[in-house]
Amino acid sequence: MAVIAVPYTDAERTKDKFGKANPLPAGILPIEVTIRNDTPHPIHINLTTVQLEVNIRDERQDVDWLTAVEVANAIVHPEGPPAPKQRRIPVVGVPLPGKDKKVEKIAEMLKPLTLDADVIPPMGSIHGFMYFNMSHELTLVPDSSLYLPDVVFLPSNKPLIFFEVPLGSGPAL
């Protein structure tokens, strides 16, 4: 299995790729991930455990990746969600959360680009973006690694070694 992780830190390149759905101005780092399976068995990756390991002054901080909806919300509302509007007539029962059309539109633009497959077919590959909130601290990217701890062969669930892909020297295998 090979893992290639390419961080998008250049503002122009990121704008060209994402257009209005550009996560970089919101402080979110998009990482283009390609995972290739060179075995005759399918491989499963638990995407919920994938993290970005950021090294800050000899300390490690693990950052969970964000969904397309979470990224869209950060793009549309960089200062956080707006305060709820007061109604003149009180709501009876439990109020349902309102839909934010701007967030939905940006999320729909991001979803086709986002890595959402967790099974790599035999002799196949998967490709897409994962997003990490770097709080505008892109200078930390060269000292960071994409960490994939839970990778197993299917159907046996035999674990593979974990994968840690450094981001510091361009694309890494």
# chains A, B, ... in the order shown; residues from 1 in each chain; ligands from 1
call {"tool": "residues_around", "arguments": {"residues": "Tyr147 (chain A)", "least_positions_apart": "5", "cutoff": "6 Å", "atoms": "only C-alpha atoms", "output": "list of chain:residue names"}}
result
A:Val50, A:Gln51, A:Leu52, A:Phe163, A:Glu164
call {"tool": "closest_atom_pairs", "arguments": {"of": "region 50-82 of chain A", "to": "region 107-129 of chain A", "cutoff": "7 Å", "atoms": "only C-alpha atoms", "output": "tab-separated table"}}
result
residue	atom	partner	partner_atom	distance
A:Ala68	CA	A:Ala107	CA	5.3
A:Val69	CA	A:Ala107	CA	5.1
A:Ala72	CA	A:Ala107	CA	5.1
call {"tool": "write_last_selection", "arguments": {"atoms": "N, CA and C atoms", "output": "compact mmCIF listing (two decimals), in the first residue's frame"}}
result
# COMPACT_ATOMS: atom_id res chain seq x y z
N ALA A 68 -16.96 17.83 4.89
CA ALA A 68 -17.25 18.91 3.94
C ALA A 68 -18.22 19.93 4.53
N VAL A 69 -19.18 19.48 5.32
CA VAL A 69 -20.15 20.40 5.93
C VAL A 69 -19.46 21.27 6.99
N ALA A 72 -17.45 23.83 5.09
CA ALA A 72 -18.36 24.82 4.51
C ALA A 72 -18.85 25.79 5.57
call {"tool": "closest_residue", "arguments": {"among": "A:Ile31, A:Ile45, A:Val6, A:Val152", "to": "Met134 (chain A)", "atoms": "only C-alpha atoms"}}
result
A:Ile31
call {"tool": "residues_around", "arguments": {"residues": "Val76 (chain A)", "least_positions_apart": "4", "cutoff": "10 Å", "atoms": "only C-alpha atoms", "output": "PyMOL selection string"}}
result
chain A and resi 21+23+26+71-72+80-81+100+102-106
call {"tool": "select_by_dssp", "arguments": {"residues": "region 24-148 of chain A", "states": "alpha helix (DSSP H)", "output": "VMD selection string"}}
result
chain A and resid 68 to 76 101 to 110
call {"tool": "closest_residue", "arguments": {"among": "A:Val3, A:Ala74, A:Val151, A:Val63", "to": "Asn22 (chain A)", "atoms": "only C-alpha atoms"}}
result
A:Ala74
call {"tool": "select_by_dssp", "arguments": {"residues": "chain A", "states": "strand (DSSP E or B)", "output": "number ranges by chain"}}
result
A: 2-7, 28-36, 43-45, 51-56, 59-66, 114, 119-120, 125-133, 144-148, 151-153, 159, 163-166, 172
call {"tool": "atom_distance", "arguments": {"atom1": "CA of Asp58 (chain A)", "atom2": "CA of Leu167 (chain A)"}}
result
16.6 Å
call {"tool": "closest_residue", "arguments": {"among": "A:Asn73, A:Ile35, A:Gln61, A:Phe162", "to": "Thr49 (chain A)", "atoms": "only C-alpha atoms"}}
result
A:Phe162
call {"tool": "closest_residue", "arguments": {"among": "A:Gly19, A:Gly168, A:Pro159, A:Pro149", "to": "Ala5 (chain A)", "atoms": "only C-alpha atoms"}}
result
A:Gly168
